[in-house]
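To keep things clear, I will list the structure first and then write my remarks on it.
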Amino acid sequence: MAIIVQKFGGTSLANAEMIRAAAGRTIEAVKKGYQVVVVASARGKQTDQLVADALELNPDPSPREMDQLLHTGEIQTVALYAMALDQMGYDAISLTGYQIRMVTDNNHSKARIKSIDADRMYKYINQGKIVLIAGFQGINDEEHVTTLGRGGSDTTAVAIAAVLDADVCEIYTDVDGIHTADPRIFEDAAKIDQISYDEMLELASLGAGVMHGRSIEFGKNYNVKIHVRSSSEDKEGTIITHEVPQMEDIVVSGATIQKDLAKVSIIGVDNKPGNAARIFSALANTQVVISDIIQTEISDDKANLSFTTSASDLKNAEKAIDSMKKDLNFDNIFVRDDIVEISVVGVGMRTHYGVADKMFSALAKEEINIDSITTSEICISCIVDEDQGQKALIAVCRAFDLDKPAEKRITKG
Ligand code: ADP
Ligand code: ASP
Ligand code: MG
């Protein structure tokens with residue numbers, strides 16, 4: 001029998017009524033003849049509440065205990081979901097990450113999945129049960145609990161769809177699909193019917209919080225069809241798939257705002273071989289994830305080096321650099337965490353010109369100053385002041401007609 005994976009986000013499971021509605025979706029799929037595996041997140045804002053509870057007791061909690069605390073949110077949801085299904089006359093069993101041997105690396109709070117024991121799910125699937133898996137969590141080789149990073153239940157769902165060779169991984173959420181930009185900020189953002197893994201990966205890694213970035217990597221590597229759709233309305237959402245040819249003519253397919261961001265600039269570093277290597281190996285040793293790096297020579301013997309990282313990694317990044325101050329002989333270090341990054345993404349940029357011009361002009365017209373610019377083959381990003389972020393995103397969306405559906409944005413030449 002065909003398997004389908006359904007993932008419900010916390011915003012779609014905030015109370016008993018919503019859990020019952022989600023269970024209704026699961027039952028619909030069972031009635032269509034599917035064997036259903038459900039992945040669920042913590043209810044409502046529960047993960048945020050658990051983070052606040054932790055910080056009230058300890059401003060710098062150990063990453064191990066933080067994961068031990070946070071993973072409990074999703075365990076509650078799946079147990080409640082199983083109870084709802086039972087009450088509705090369906091046989092279900094809830095399982096934790098530990099119980100399906102979802103083994104990850106040791107990176108607490110941003111762990112990567114290494115393996116999943118599919119037999120632990122097949123055992124119950126073959127008994128005709130609906131299997132409910134707590135999202136966002138795993139265990140490391142020593143059986144300590146790890147979590148996959150905020151929003152990580154998407155990755156749990158796609159990884160499970162991959163190991164079970166499911167027909168589709170449905171992501172039920174509080175929007176009706178992927179839009180050209182966050183509709184909470186740019187409310188006219190058009191819905192996208194189909195998007196390539198590569199573009200979605202870029203959008204997710206640049207701040208489109210609707211999907212956890214690593215879930216898209218899994219989808220691409222294991223060919224999982226992902227369908228992002230509304231949990232409250234019964235209509236087609238967005239299919240994330242391999243590139244379709246017509247997409248090349250859509251220059252910009254989406255725009256994002258990355259909020260959880262910090263920029264570190266090391267001013268006046270000795271400009272000699274090995275310094276950049278030393279800095280980034282110290283950062284890697286403290287498991288700080290770096291995004292953009294810019295190095296500029298400012299004299300024969302000095303250089304400035306900047307990089308961006310997530311605001312949550314900033315403390316560790318500063319500690320790592322401070323510990324090398326004597327070795328590196330730099331003048332000072334300058335940190336900003338009052339910034340956001342606005343990006344436009346589109347595979348069509350590979351073959352079309354004028355994208356940078358249009359983006360910078362849109363920002364200039366709104367008198368928004370650009371702190372720094374980075375580009376890749378399919379993306380242009382500008383860092384701007386946090387308090388101008390929303391205005392900047394809206395200006396860029398308007399400039400690229402992101403309120404119009406894709407077929408009206410096709411550009412030749
Ligand atoms: P869930 O609880 O279902 O995991 P999330 O809050 O993680 O939900 O993701 C859904 C939210 O993502 C939407 O409410 C929306 O504000 C936001 N979002 C950001 N970028 C986009 C985008 N490009 N398209 C759709 N939603 C987006
Ligand atoms: N509950 C976790 C979070 O709030 C994981 C998830 O929702 O996917 O980030
Ligand atoms: Mg989410």
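Each chain of the structure tokens is named A, B, ... in the order shown, its residues numbered from 1; ligands are numbered from 1 in display order.
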
Using only C-alpha atoms and all ligand atoms, which residues have at least one atom no more than 12 Å from ligand 2? Output them as an MDAnalysis selection string. chainID A and resid 7:14 39:51 67 69:77 109:110 134:137 147:158 171:173 209:215

Keeping only C-alpha atoms, take the residues you just selected and write them out as a compact mmCIF listing (two decimals), in the first residue's frame.
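The resulting file, result32.txt, is shown below:
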# COMPACT_ATOMS: atom_id res chain seq x y z
CA LYS A 7 3.54 17.07 8.69
CA PHE A 8 1.60 19.55 10.81
CA GLY A 9 3.32 22.68 12.12
CA GLY A 10 2.78 24.08 15.59
CA THR A 11 0.58 26.91 14.30
CA SER A 12 -1.83 24.27 12.93
CA LEU A 13 -2.01 22.33 16.21
CA ALA A 14 -2.41 25.10 18.77
CA VAL A 39 5.06 14.17 11.90
CA ALA A 40 4.01 16.88 14.33
CA SER A 41 5.61 19.96 15.92
CA ALA A 42 5.12 21.40 19.38
CA ARG A 43 1.74 23.06 19.83
CA GLY A 44 1.40 26.80 19.17
CA LYS A 45 4.21 28.80 20.70
CA GLN A 46 5.25 26.06 23.09
CA THR A 47 8.88 25.87 21.97
CA ASP A 48 9.24 29.64 22.52
CA GLN A 49 7.71 29.22 25.97
CA LEU A 50 10.16 26.44 26.86
CA VAL A 51 13.08 28.62 25.71
CA ASP A 67 17.63 19.94 23.72
CA LEU A 69 13.86 20.32 27.41
CA LEU A 70 12.78 21.47 23.93
CA HIS A 71 12.14 18.03 22.47
CA THR A 72 9.36 17.43 25.01
CA GLY A 73 7.03 19.83 23.18
CA GLU A 74 6.62 17.57 20.14
CA ILE A 75 6.27 14.44 22.29
CA GLN A 76 3.21 15.96 23.96
CA THR A 77 1.66 16.76 20.58
CA SER A 109 20.43 22.60 18.69
CA LYS A 110 21.38 22.16 15.02
CA ALA A 134 7.58 13.60 17.21
CA GLY A 135 9.38 16.06 14.92
CA PHE A 136 12.56 18.11 15.41
CA GLN A 137 14.45 15.54 17.51
CA THR A 147 17.30 18.78 18.13
CA LEU A 148 17.52 19.75 14.47
CA GLY A 149 17.20 23.54 14.83
CA ARG A 150 14.14 25.78 14.95
CA GLY A 151 11.61 24.72 12.34
CA GLY A 152 13.30 21.31 12.15
CA SER A 153 10.12 19.18 12.06
CA ASP A 154 10.00 19.80 8.29
CA THR A 155 13.33 18.00 8.04
CA THR A 156 12.07 15.12 10.20
CA ALA A 157 9.07 14.76 7.85
CA VAL A 158 11.01 14.82 4.59
CA ILE A 171 3.57 19.99 4.82
CA TYR A 172 0.42 21.44 6.40
CA THR A 173 0.88 24.98 7.65
CA GLY A 209 10.95 30.49 7.38
CA VAL A 210 8.09 28.56 5.79
CA MET A 211 10.40 25.55 5.25
CA HIS A 212 13.45 24.37 7.20
CA GLY A 213 16.35 24.57 4.74
CA ARG A 214 17.72 21.07 5.35
CA SER A 215 14.34 19.52 4.55

Considering only C-alpha atoms, return as a list in words whatever protein or nucleic-acid residues lie within 9 Å of stretch 83-94 of chain A, sequence-local ones (same chain, fewer than 3 positions apart) excluded. Ala16, Ile19, Arg20, Ala23, Gly24, Thr26, Ile27, Ile75, Val78, Ala79, Leu80, Tyr124, Gly128, Lys129, Ile130, Val131, Leu132, Ile133 and Ala134 of chain A

Which of stretch 97-268 of chain A counts as strand (DSSP E) under DSSP, as an MDAnalysis selection string please? chainID A and resid 103:104 113:115 130:134 137:139 145:147 168:173 194:196 226:230 238:241 254:258 262:268

Output C-alpha atoms for every residue in the selection just made, as a PDB file, in the first residue's frame.
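Once written, again31.pdb looks like this:
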ATOM      1  CA  VAL A 103      20.430   9.109  14.932  1.00  0.00           C
ATOM      2  CA  THR A 104      22.106  12.496  14.438  1.00  0.00           C
ATOM      3  CA  ILE A 113      20.356  13.349  10.713  1.00  0.00           C
ATOM      4  CA  LYS A 114      22.658  10.362  10.057  1.00  0.00           C
ATOM      5  CA  SER A 115      20.197   7.451  10.011  1.00  0.00           C
ATOM      6  CA  ILE A 130      -1.376   5.358  11.923  1.00  0.00           C
ATOM      7  CA  VAL A 131       2.166   6.160  13.058  1.00  0.00           C
ATOM      8  CA  LEU A 132       2.818   9.538  14.693  1.00  0.00           C
ATOM      9  CA  ILE A 133       6.397  10.765  14.966  1.00  0.00           C
ATOM     10  CA  ALA A 134       7.577  13.602  17.207  1.00  0.00           C
ATOM     11  CA  GLN A 137      14.452  15.545  17.511  1.00  0.00           C
ATOM     12  CA  GLY A 138      16.964  12.755  17.382  1.00  0.00           C
ATOM     13  CA  ILE A 139      19.624  11.096  19.493  1.00  0.00           C
ATOM     14  CA  VAL A 145      18.727  13.858  22.812  1.00  0.00           C
ATOM     15  CA  THR A 146      19.530  16.346  20.047  1.00  0.00           C
ATOM     16  CA  THR A 147      17.303  18.777  18.132  1.00  0.00           C
ATOM     17  CA  VAL A 168       4.432  12.522  -1.137  1.00  0.00           C
ATOM     18  CA  CYS A 169       5.414  14.537   1.928  1.00  0.00           C
ATOM     19  CA  GLU A 170       2.609  16.972   2.701  1.00  0.00           C
ATOM     20  CA  ILE A 171       3.566  19.993   4.817  1.00  0.00           C
ATOM     21  CA  TYR A 172       0.418  21.438   6.403  1.00  0.00           C
ATOM     22  CA  THR A 173       0.877  24.983   7.647  1.00  0.00           C
ATOM     23  CA  GLN A 194       5.696  24.861  -8.444  1.00  0.00           C
ATOM     24  CA  ILE A 195       9.219  25.713  -7.350  1.00  0.00           C
ATOM     25  CA  SER A 196      12.538  23.929  -7.886  1.00  0.00           C
ATOM     26  CA  ILE A 226       7.005  17.950  -1.194  1.00  0.00           C
ATOM     27  CA  HIS A 227       3.572  19.564  -1.154  1.00  0.00           C
ATOM     28  CA  VAL A 228       3.292  22.663   1.067  1.00  0.00           C
ATOM     29  CA  ARG A 229      -0.382  23.412   1.724  1.00  0.00           C
ATOM     30  CA  SER A 230      -2.909  24.982   4.039  1.00  0.00           C
ATOM     31  CA  THR A 238       2.957  24.472  -3.772  1.00  0.00           C
ATOM     32  CA  ILE A 239       4.837  21.498  -5.187  1.00  0.00           C
ATOM     33  CA  ILE A 240       8.598  21.553  -4.625  1.00  0.00           C
ATOM     34  CA  THR A 241      10.193  19.615  -7.448  1.00  0.00           C
ATOM     35  CA  GLY A 254      11.016  35.234  -4.656  1.00  0.00           C
ATOM     36  CA  ALA A 255      12.377  37.681  -2.103  1.00  0.00           C
ATOM     37  CA  THR A 256      13.310  37.095   1.530  1.00  0.00           C
ATOM     38  CA  ILE A 257      14.221  38.842   4.743  1.00  0.00           C
ATOM     39  CA  GLN A 258      16.747  37.186   7.049  1.00  0.00           C
ATOM     40  CA  ALA A 262      24.745  39.388  12.973  1.00  0.00           C
ATOM     41  CA  LYS A 263      27.805  40.772  11.236  1.00  0.00           C
ATOM     42  CA  VAL A 264      31.291  40.675  12.694  1.00  0.00           C
ATOM     43  CA  SER A 265      34.054  42.851  11.237  1.00  0.00           C
ATOM     44  CA  ILE A 266      37.670  42.357  12.287  1.00  0.00           C
ATOM     45  CA  ILE A 267      39.470  45.587  11.535  1.00  0.00           C
ATOM     46  CA  GLY A 268      43.183  45.778  10.711  1.00  0.00           C
TER      47      GLY A 268
END

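Nearest to ligand 1 of all the residues A:Lys191, A:Arg112, A:His144, A:Arg120 is A:Lys191, counting only C-alpha atoms and all ligand atoms.
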
Check the smallest atom-to-atom distance from each of A:Asp141, A:Asp270, A:Asp117, A:Asp176 to ligand 1 using only C-alpha atoms and all ligand atoms, then report the winner.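 Of A:Asp141, A:Asp270, A:Asp117, A:Asp176, the one nearest ligand 1 is A:Asp176, counting only C-alpha atoms and all ligand atoms.
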
Contact residues around A:Cys397 with only C-alpha atoms at 12 Å, ignoring same-chain residues under 5 positions, as an NGL selection string: :A and (179-183 or 185-190 or 252-257 or 342-345 or 358-359 or 362-363 or 390-392 or 402-404)

Pick the closest to A:Asn126 from A:Met1, A:Phe334, A:Arg101, A:Arg184: which is it, counting only C-alpha atoms? A:Met1

Nearest to ligand 1 by atom-to-atom distance, counting only C-alpha atoms and all ligand atoms, from A:Glu28, A:Ala204, A:Thr96, A:Met66: A:Ala204

Closest of A:Ala208, A:Ala320, A:Ile100, A:Ile192 to ligand 3 - atom-to-atom distances counting only C-alpha atoms and all ligand atoms: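 Nearest to ligand 3: A:Ala208.
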
7 Å contact set for A:Gln35, only C-alpha atoms, chain neighbours under 5 positions out, as number ranges by chain: A: 1-4, 30, 125, 130

Rank nothing, just name the residue among A:Phe360, A:Asp387, A:Tyr222, A:Thr286 nearest to A:Asn107, using only C-alpha atoms.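 When distances to A:Asn107 are compared using only C-alpha atoms, the smallest one comes from A:Thr286.
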
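Across the model, the gap from atom CA of A:Phe307 to atom CA of A:Ile279 is 10.8 Å.
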
Suppose you want the space between atom CA of A:Val355 and atom CA of A:Ala399; what is it in Å? 10.0 Å

Non-local contacts of A:Val289 (8 Å; only C-alpha atoms; under 4 positions in same chain excluded) as a list in words: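 Once the adjacent positions are removed, what remains is Leu283, Ala284, Thr309, Ser310 and Asp313 of chain A.
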